[in-house]
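Source file: final-v8.csv (CSV, C-alpha atoms)
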```
chain,number,residue,atom,x,y,z
A,6,LYS,CA,-19.1,6.5,3.4
A,7,ALA,CA,-17.0,8.1,0.7
A,8,GLY,CA,-13.6,6.4,0.0
A,9,VAL,CA,-10.2,7.9,-0.2
A,10,THR,CA,-9.9,10.5,-2.9
A,11,GLN,CA,-6.7,11.4,-4.6
A,12,THR,CA,-6.3,14.2,-7.1
A,13,PRO,CA,-5.3,14.5,-9.8
A,14,ARG,CA,-5.4,10.9,-11.2
A,15,TYR,CA,-2.8,11.6,-13.9
A,16,LEU,CA,-0.1,14.2,-14.2
A,17,ILE,CA,2.7,14.9,-16.7
A,18,LYS,CA,5.5,17.3,-15.6
A,19,THR,CA,8.8,18.4,-16.9
A,20,ARG,CA,12.1,17.8,-15.1
A,21,GLY,CA,12.9,20.6,-12.7
A,22,GLN,CA,9.3,21.5,-12.1
A,23,GLN,CA,7.4,20.9,-8.9
A,24,VAL,CA,4.2,19.1,-8.2
A,25,THR,CA,1.5,18.9,-5.5
A,26,LEU,CA,-0.7,15.9,-5.0
A,27,SER,CA,-3.8,15.8,-2.8
A,28,CYS,CA,-5.4,13.1,-0.7
A,29,SER,CA,-8.7,13.4,1.1
A,30,PRO,CA,-9.1,10.5,3.7
A,31,ILE,CA,-12.3,8.7,4.7
A,32,SER,CA,-14.4,10.9,6.9
A,33,GLY,CA,-13.4,10.5,10.5
A,34,HIS,CA,-9.9,9.1,9.7
A,35,ARG,CA,-7.1,11.2,11.1
A,36,SER,CA,-4.1,9.3,9.8
A,37,VAL,CA,-2.8,9.6,6.2
A,38,SER,CA,0.2,7.8,4.8
A,39,TRP,CA,1.8,8.3,1.4
A,40,TYR,CA,3.6,5.7,-0.7
A,41,GLN,CA,5.6,5.7,-3.9
A,42,GLN,CA,5.3,2.7,-6.2
A,43,THR,CA,7.8,2.0,-9.1
A,44,PRO,CA,8.5,-1.2,-11.0
A,45,GLY,CA,12.0,-1.3,-9.7
A,46,GLN,CA,11.6,-0.4,-6.0
A,47,GLY,CA,8.0,-1.6,-5.4
A,48,LEU,CA,5.9,0.1,-2.8
A,49,GLN,CA,7.9,2.4,-0.5
A,50,PHE,CA,6.7,4.4,2.4
A,51,LEU,CA,7.1,8.2,2.1
A,52,PHE,CA,5.6,9.8,5.2
A,53,GLU,CA,2.7,9.6,7.6
A,54,TYR,CA,0.6,12.3,9.2
A,55,PHE,CA,-1.6,12.2,12.2
A,56,SER,CA,-3.6,15.2,13.4
A,57,GLU,CA,-1.5,17.6,11.3
A,58,THR,CA,1.8,16.2,12.6
A,59,GLN,CA,4.3,14.2,10.7
A,60,ARG,CA,4.7,11.0,12.7
A,61,ASN,CA,7.0,8.9,10.5
A,62,LYS,CA,9.1,9.6,7.5
A,63,GLY,CA,10.6,7.1,5.0
A,64,ASN,CA,14.0,7.2,3.3
A,65,PHE,CA,13.4,9.9,0.7
A,66,PRO,CA,15.3,13.1,-0.1
A,67,GLY,CA,14.2,16.4,1.2
A,68,ARG,CA,12.6,17.3,-2.2
A,69,PHE,CA,9.7,15.2,-1.0
A,70,SER,CA,7.5,16.9,1.6
A,71,GLY,CA,4.0,16.8,2.8
A,72,ARG,CA,1.5,18.3,5.2
A,73,GLN,CA,-1.8,17.7,6.7
A,74,PHE,CA,-4.6,20.1,7.3
A,75,SER,CA,-7.1,20.4,10.2
A,76,ASN,CA,-9.7,18.6,8.1
A,77,SER,CA,-7.3,15.7,7.7
A,78,ARG,CA,-6.8,16.3,4.0
A,79,SER,CA,-3.1,15.9,3.1
A,80,GLU,CA,-0.9,17.1,0.3
A,81,MET,CA,2.5,16.0,-0.8
A,82,ASN,CA,4.9,18.1,-2.8
A,83,VAL,CA,7.9,17.1,-4.9
A,84,SER,CA,10.2,19.9,-5.9
A,85,THR,CA,12.8,19.9,-8.7
A,86,LEU,CA,11.4,16.8,-10.3
A,87,GLU,CA,13.6,14.1,-11.7
A,88,LEU,CA,12.9,11.4,-14.2
A,89,GLY,CA,13.1,8.8,-11.5
A,90,ASP,CA,10.2,10.4,-9.6
A,91,SER,CA,7.9,9.0,-12.3
A,92,ALA,CA,5.7,6.7,-10.3
A,93,LEU,CA,2.3,5.8,-8.9
A,94,TYR,CA,1.7,7.8,-5.7
A,95,LEU,CA,-0.7,6.2,-3.3
A,96,CYS,CA,-2.4,7.6,-0.2
A,97,ALA,CA,-3.7,5.5,2.6
A,98,SER,CA,-6.4,6.5,5.1
A,99,ILE,CA,-6.4,4.9,8.6
A,100,SER,CA,-8.7,5.5,11.5
A,101,GLY,CA,-6.2,4.8,14.2
A,102,THR,CA,-3.0,3.0,15.1
A,103,GLY,CA,-3.0,-0.7,14.3
A,104,THR,CA,-6.1,-0.6,12.1
A,105,ARG,CA,-6.9,-1.3,8.5
A,106,ALA,CA,-5.5,0.9,5.8
A,107,PHE,CA,-7.7,2.0,2.9
A,108,PHE,CA,-6.1,3.3,-0.3
A,109,GLY,CA,-7.1,5.8,-2.9
A,110,GLN,CA,-6.8,5.1,-6.6
A,111,GLY,CA,-3.5,6.8,-6.8
A,112,THR,CA,-1.9,9.6,-8.8
A,113,ARG,CA,0.2,8.5,-11.7
A,114,LEU,CA,3.0,11.0,-12.2
A,115,THR,CA,5.1,11.0,-15.4
A,116,VAL,CA,8.2,13.2,-15.5
A,117,VAL,CA,9.5,14.0,-19.0
B,13,GLY,CA,14.2,-2.2,9.8
B,14,ILE,CA,11.7,-5.0,9.4
B,15,GLN,CA,12.0,-7.1,6.3
B,16,VAL,CA,9.0,-8.6,4.5
B,17,GLU,CA,9.4,-11.3,1.9
B,18,GLN,CA,6.7,-12.8,-0.3
B,19,SER,CA,6.7,-16.0,-2.3
B,20,PRO,CA,6.3,-17.0,-5.0
B,21,PRO,CA,7.0,-13.9,-7.0
B,22,ASP,CA,4.9,-15.1,-9.8
B,23,LEU,CA,2.0,-17.6,-10.1
B,24,ILE,CA,0.2,-18.8,-13.2
B,25,LEU,CA,-3.0,-20.7,-12.7
B,26,GLN,CA,-5.9,-22.1,-14.7
B,27,GLU,CA,-9.4,-21.0,-13.6
B,28,GLY,CA,-10.7,-23.2,-10.8
B,29,ALA,CA,-7.3,-24.0,-9.3
B,30,ASN,CA,-6.3,-23.2,-5.7
B,31,SER,CA,-3.2,-21.4,-4.5
B,32,THR,CA,-1.3,-20.4,-1.4
B,33,LEU,CA,0.7,-17.2,-1.1
B,34,ARG,CA,3.3,-16.7,1.7
B,35,CYS,CA,4.5,-13.7,3.6
B,36,ASN,CA,7.5,-13.9,5.9
B,37,PHE,CA,8.5,-11.1,8.2
B,38,SER,CA,11.7,-10.6,10.2
B,39,ASP,CA,10.4,-9.2,13.5
B,40,SER,CA,7.3,-9.4,15.7
B,41,VAL,CA,4.4,-7.3,14.5
B,42,ASN,CA,1.1,-6.3,16.0
B,43,ASN,CA,-0.8,-6.4,12.7
B,44,LEU,CA,-0.5,-7.7,9.2
B,45,GLN,CA,-2.6,-6.8,6.2
B,46,TRP,CA,-3.1,-8.4,2.8
B,47,PHE,CA,-3.9,-6.3,-0.3
B,48,HIS,CA,-4.9,-7.0,-3.9
B,49,GLN,CA,-3.8,-4.4,-6.5
B,50,ASN,CA,-6.1,-4.3,-9.4
B,51,PRO,CA,-5.1,-3.6,-13.0
B,52,TRP,CA,-5.9,0.1,-12.5
B,53,GLY,CA,-3.4,0.3,-9.6
B,54,GLN,CA,-5.8,0.6,-6.6
B,55,LEU,CA,-4.9,-1.4,-3.5
B,56,ILE,CA,-7.8,-3.2,-2.1
B,57,ASN,CA,-7.6,-4.3,1.6
B,58,LEU,CA,-8.4,-8.0,1.7
B,59,PHE,CA,-7.6,-8.8,5.4
B,60,TYR,CA,-6.4,-7.2,8.6
B,61,ILE,CA,-5.1,-10.3,10.4
B,62,PRO,CA,-2.6,-9.9,13.2
B,63,SER,CA,-3.0,-13.5,14.2
B,64,GLY,CA,-5.3,-16.5,13.6
B,65,THR,CA,-7.4,-17.2,10.6
B,66,LYS,CA,-10.0,-15.2,8.7
B,67,GLN,CA,-12.2,-16.1,5.7
B,68,ASN,CA,-13.9,-14.0,3.2
B,69,GLY,CA,-15.6,-16.0,0.5
B,70,ARG,CA,-13.1,-17.9,-1.6
B,71,LEU,CA,-10.2,-16.1,0.2
B,72,SER,CA,-8.8,-16.9,3.6
B,73,ALA,CA,-5.7,-15.9,5.5
B,74,THR,CA,-3.8,-17.3,8.4
B,75,THR,CA,-1.1,-15.5,10.4
B,76,VAL,CA,1.2,-17.3,12.8
B,77,ALA,CA,2.7,-14.4,14.6
B,78,THR,CA,5.0,-16.5,16.8
B,79,GLU,CA,6.6,-18.0,13.7
B,80,ARG,CA,6.5,-14.7,11.7
B,81,TYR,CA,4.6,-15.7,8.7
B,82,SER,CA,1.2,-15.4,7.0
B,83,LEU,CA,-0.5,-17.3,4.3
B,84,LEU,CA,-3.2,-16.2,1.8
B,85,TYR,CA,-5.3,-19.0,0.3
B,86,ILE,CA,-7.3,-18.5,-2.9
B,87,SER,CA,-9.7,-21.3,-3.7
B,88,SER,CA,-11.4,-21.9,-7.1
B,89,SER,CA,-9.5,-19.0,-8.6
B,90,GLN,CA,-11.3,-16.8,-11.2
B,91,THR,CA,-9.8,-14.5,-13.9
B,92,THR,CA,-10.8,-11.6,-11.8
B,93,ASP,CA,-8.4,-12.7,-9.1
B,94,SER,CA,-5.5,-11.8,-11.4
B,95,GLY,CA,-3.3,-9.0,-10.1
B,96,VAL,CA,-0.6,-8.4,-7.5
B,97,TYR,CA,-1.0,-9.5,-3.9
B,98,PHE,CA,0.9,-7.7,-1.2
B,99,CYS,CA,1.3,-8.2,2.4
B,100,ALA,CA,2.3,-5.4,4.7
B,101,VAL,CA,3.3,-4.9,8.3
B,102,PRO,CA,3.8,-1.8,10.5
B,103,PHE,CA,6.8,0.5,9.8
B,104,ASN,CA,7.1,0.8,13.6
B,105,GLN,CA,4.9,0.6,16.7
B,106,ALA,CA,4.4,4.4,16.8
B,107,GLY,CA,2.2,4.9,13.8
B,108,THR,CA,0.2,3.5,11.0
B,109,ALA,CA,2.7,3.5,8.2
B,110,LEU,CA,3.3,0.1,6.5
B,111,ILE,CA,6.2,-1.8,5.0
B,112,PHE,CA,5.2,-3.8,2.0
B,113,GLY,CA,6.6,-7.0,0.5
B,114,LYS,CA,7.5,-7.1,-3.2
B,115,GLY,CA,4.2,-8.9,-4.0
B,116,THR,CA,3.1,-12.0,-5.8
B,117,THR,CA,1.8,-11.5,-9.3
B,118,LEU,CA,-1.1,-13.9,-10.0
B,119,SER,CA,-2.3,-14.6,-13.5
B,120,VAL,CA,-5.4,-16.7,-13.8
B,121,SER,CA,-6.4,-17.9,-17.3
B,122,SER,CA,-9.7,-19.3,-18.5
```

Produce structure tokens that represent the structure in this file.
Amino acid sequence: KAGVTQTPRYLIKTRGQQVTLSCSPISGHRSVSWYQQTPGQGLQFLFEYFSETQRNKGNFPGRFSGRQFSNSRSEMNVSTLELGDSALYLCASISGTGTRAFFGQGTRLTVV
Amino acid sequence: GIQVEQSPPDLILQEGANSTLRCNFSDSVNNLQWFHQNPWGQLINLFYIPSGTKQNGRLSATTVATERYSLLYISSSQTTDSGVYFCAVPFNQAGTALIFGKGTTLSVSS
């Protein structure tokens, strides 16, 4: 069974630009969650999707958005990038409520 | 919201030593997971342990849900055990999102 695939692995963007990150969950998993990891704030929950619907959202500004497609693949978008958005973005794939989360290798975003 | 606290924040061991990592959480939960983050940043799921004890090789975990804590035991540590260990609990009961502790950074030297 293929694992969770996140693309791209590395990204460098300029302040003010926007970026789209992609996550393909494990086949058969319908829930995808996104997390931001920074040295100062640790791992913070961004949002969660299940069957194309956003089920939960963390405490992030509206510049952060996401969506899930019918094949369960998910994308997250960050508009008007700020230096503080530099982080490792991790995606988790979960088969159902209250079950194990499996993470992708992450996308390391650097904003300059 | 629920708070997750991990201790100690840092741990330095010699190869072969044993260690215990602790995770306290502020409210009742229906599951708890332990992860190891490798040097490349990937989070590896070690245990899904809402209650009781589980073992996987040199690692074992115990969750006492009624007292709101979990312990991760690492025996006969190896240099490859180095990294950051996180525990995580559900963001709420309506989904699968997780709240993470700040982690324990383990350094094992040979």

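Put simply, atom CA of Leu26 of chain A is 23.6 Å away from atom CA of Ala100 of chain B.
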
- With distances taken over only C-alpha atoms, which of B:Gly69, B:Pro102, B:Gly95, B:Pro20 is nearest to Val120 of chain B? B:Gly95

- Message: Taking (5.5, 9.6, 11.0) in the coordinates of the supplied file, I want to know which residues reach to within 8 Å of it, counting only C-alpha atoms; could you give the answer as a list in words?
- Response: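 Output of the proximity query reads Phe52, Glu53, Tyr54, Phe55, Thr58, Gln59, Arg60, Asn61 and Lys62 of chain A; Ala106, Gly107 and Ala109 of chain B.
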
Show me, as a compact mmCIF listing (two decimals) with C-alpha atoms, in the frame of the given file, the residues of chain B whose atoms get within 6 Å of chain A, using all atoms listed in the file for the distance check.
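Contents of out35.txt, as written:
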```
# COMPACT_ATOMS: atom_id res chain seq x y z
CA GLN B 54 -5.80 0.60 -6.60
CA LEU B 55 -4.90 -1.40 -3.50
CA TYR B 60 -6.40 -7.20 8.60
CA GLY B 107 2.20 4.90 13.80
CA THR B 108 0.20 3.50 11.00
CA LYS B 114 7.50 -7.10 -3.20
```

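When all atoms listed in the file are used to measure the gap to Phe98 of chain B, the shortest distance among B:Asp39, B:Glu17, B:Leu110, B:Thr116 belongs to B:Thr116.
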